[in-house]
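S.K.: My structure file target-v8.tsv, TSV, C-alpha atoms, is below:
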```tsv
chain	number	residue	atom	x	y	z
J	1	MET	CA	0.00	0.00	0.00
J	2	GLY	CA	1.05	3.60	-0.55
J	3	THR	CA	2.20	6.05	2.07
J	4	ARG	CA	-1.20	7.72	2.31
J	5	ALA	CA	-2.94	4.53	3.42
J	6	LYS	CA	-0.33	3.90	6.13
J	7	ASP	CA	-0.01	7.50	7.28
J	8	PRO	CA	-3.16	9.63	7.18
J	9	ARG	CA	-1.09	12.69	8.16
J	10	TRP	CA	1.23	12.54	5.15
J	11	SER	CA	0.20	16.02	3.96
J	12	GLN	CA	1.09	17.52	7.34
J	13	ARG	CA	4.49	15.84	7.21
J	14	VAL	CA	5.09	17.11	3.69
J	15	THR	CA	4.10	20.65	4.69
J	16	GLU	CA	6.35	20.67	7.74
J	17	LYS	CA	9.45	18.84	6.48
J	18	SER	CA	9.64	18.94	2.70
J	19	ASN	CA	12.13	21.32	1.16
J	20	ALA	CA	9.90	21.33	-1.92
J	21	LEU	CA	7.75	23.82	-0.06
J	22	ASP	CA	10.39	26.43	0.82
J	23	LEU	CA	7.81	29.18	0.96
J	24	GLU	CA	8.10	32.64	2.40
J	25	GLU	CA	6.82	32.68	5.96
J	26	ASN	CA	3.01	32.82	6.22
J	27	VAL	CA	2.63	33.36	2.47
J	28	PHE	CA	-0.85	31.83	2.47
J	29	THR	CA	-2.10	34.24	5.14
J	30	TRP	CA	-1.22	37.36	3.17
J	31	LYS	CA	-4.15	39.51	2.03
J	32	ASP	CA	-2.71	40.56	-1.34
J	33	PRO	CA	-3.29	37.91	-4.05
J	34	ARG	CA	-0.70	39.52	-6.35
J	35	ARG	CA	1.98	39.36	-3.65
J	36	ILE	CA	1.16	35.68	-3.02
J	37	ALA	CA	1.35	34.93	-6.74
J	38	ARG	CA	4.69	36.74	-7.15
J	39	SER	CA	6.16	34.82	-4.23
J	40	LEU	CA	4.99	31.46	-5.62
J	41	LYS	CA	6.27	32.37	-9.09
J	42	ARG	CA	9.71	33.24	-7.70
J	43	LEU	CA	9.90	29.96	-5.82
J	44	ALA	CA	8.68	27.92	-8.79
J	45	GLY	CA	11.26	29.56	-11.04
J	46	ARG	CA	14.11	28.77	-8.64
J	47	ARG	CA	13.16	25.13	-8.05
J	48	LYS	CA	15.12	22.70	-10.19
J	49	ARG	CA	13.48	19.57	-8.77
J	50	ARG	CA	9.92	19.81	-10.00
J	51	LYS	CA	7.88	17.50	-12.16
J	52	GLY	CA	6.32	20.09	-14.41
J	53	PRO	CA	6.63	23.64	-15.66
J	54	PRO	CA	6.85	26.48	-13.10
J	55	LEU	CA	3.18	27.48	-13.45
J	56	GLN	CA	2.04	23.93	-12.75
J	57	PHE	CA	4.35	23.70	-9.72
J	58	ALA	CA	3.17	27.05	-8.30
J	59	MET	CA	-0.48	26.12	-8.85
J	60	PHE	CA	0.12	22.76	-7.15
J	61	MET	CA	1.46	24.49	-4.04
J	62	LEU	CA	-1.50	26.85	-3.91
J	63	ASN	CA	-4.08	24.10	-4.43
J	64	PHE	CA	-2.30	21.83	-1.95
J	65	HIS	CA	-2.67	24.49	0.74
J	66	ILE	CA	-6.31	25.26	-0.09
J	67	LYS	CA	-7.29	21.58	-0.01
J	68	ARG	CA	-5.30	20.88	3.15
J	69	ALA	CA	-6.78	23.87	5.01
J	70	ARG	CA	-10.36	22.92	4.09
J	71	LYS	CA	-12.76	24.14	6.77
J	72	ASP	CA	-10.04	25.98	8.72
J	73	LEU	CA	-9.72	28.47	5.85
J	74	ASP	CA	-12.18	31.32	6.23
J	75	ALA	CA	-14.17	32.50	3.22
J	76	GLY	CA	-12.24	35.75	2.89
J	77	GLN	CA	-8.84	34.07	2.73
J	78	ARG	CA	-10.17	31.37	0.40
J	79	LYS	CA	-11.26	34.19	-1.92
J	80	VAL	CA	-7.79	35.80	-1.73
J	81	LEU	CA	-6.11	32.47	-2.55
J	82	ASN	CA	-8.43	31.82	-5.47
J	83	GLU	CA	-7.65	35.32	-6.77
J	84	ALA	CA	-3.96	34.44	-6.42
J	85	LYS	CA	-4.55	31.60	-8.91
J	86	ASP	CA	-5.75	34.13	-11.48
J	87	GLU	CA	-2.76	36.35	-10.71
J	88	LEU	CA	-0.39	33.40	-11.20
J	89	ARG	CA	-1.88	32.65	-14.61
J	90	SER	CA	-1.57	36.32	-15.54
J	91	LEU	CA	2.05	36.56	-14.37
J	92	PHE	CA	3.07	33.48	-16.35
J	93	ARG	CA	1.19	34.69	-19.46
J	94	LYS	CA	3.11	37.97	-19.40
J	95	LYS	CA	6.40	36.10	-19.25
J	96	THR	CA	5.64	34.03	-22.35
J	97	ALA	CA	3.89	36.74	-24.35
```
Just give me the structure of the file as structure tokens.
M.R.:
Amino acid sequence: MGTRAKDPRWSQRVTEKSNALDLEENVFTWKDPRRIARSLKRLAGRRKRRKGPPLQFAMFMLNFHIKRARKDLDAGQRKVLNEAKDELRSLFRKKTA
């Protein structure tokens, strides 16, 4: 069986110990979606060990946090994080355009 079946807290362990998530401190609590997106874009661009393009990696980190936070994430911050997704797409479009 996979790790998830043996360890139901795998996502917590990944969040706390993985160097794949070398995020700026409290990035997901910030109130500015553009600032969040810029931070994630910077990190995704610096990471050499990722399985996809930088946009995909940045979006994964954002979605991972939203899904992991679930009911602990208030509606206002969920809205900010969803707006950050749009900002990420916009930032990556500008780079390739």
S.K.: What residues have an atom no more than 12 Å from (-2.0, 33.3, 3.3) in the file's own frame, counting only C-alpha atoms, and can you write them as an NGL selection string?
M.R.: :J and (23-37 or 39-40 or 61-62 or 65-66 or 69 or 73-74 or 76-84)
S.K.: Could you give me the centre and size, in Å to one decimal, of an axis-aligned box around all listed atoms of region 48-59 of chain J with 8 Å added on every side, as JSON?
M.R.:
```
{"center_x": 7.3, "center_y": 22.5, "center_z": -12.0, "size_x": 31.6, "size_y": 26.0, "size_z": 23.4}
```
S.K.: Please measure the separation of CA of Ala44 (chain J) and CA of Arg89 (chain J), giving the value in Å to one decimal.
M.R.: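 Interatomic distance here is 13.0 Å.
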S.K.: Which one of J:Pro53, J:Asp72, J:Arg46, J:Asn63 sits closest to Phe92 (chain J) if you count only C-alpha atoms?
M.R.: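 Looking only at the distances to Phe92 (chain J), the closest residue turns out to be J:Pro53.
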S.K.: Between CA of Arg93 (chain J) and CA of Arg68 (chain J), what is the distance, to one decimal in Å?
M.R.: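 If I compute the distance from CA of Arg93 (chain J) to CA of Arg68 (chain J), I get 27.3 Å.
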S.K.: If I take CA of Arg70 (chain J) and CA of Lys51 (chain J), how far is one from the other in Å, to one decimal?
M.R.: 25.0 Å
S.K.: Step by step: start from the point (1.7, 28.9, -16.9) in the file's coordinates, keep every protein, DNA or RNA residue that has an atom no farther than 9 Å from it, count all atoms listed in the file, and write the set as a list in words.
M.R.: Pro53, Pro54, Leu55, Gln56, Ala58, Met59, Leu88, Arg89, Ser90, Leu91, Phe92, Arg93, Lys95 and Thr96 of chain J
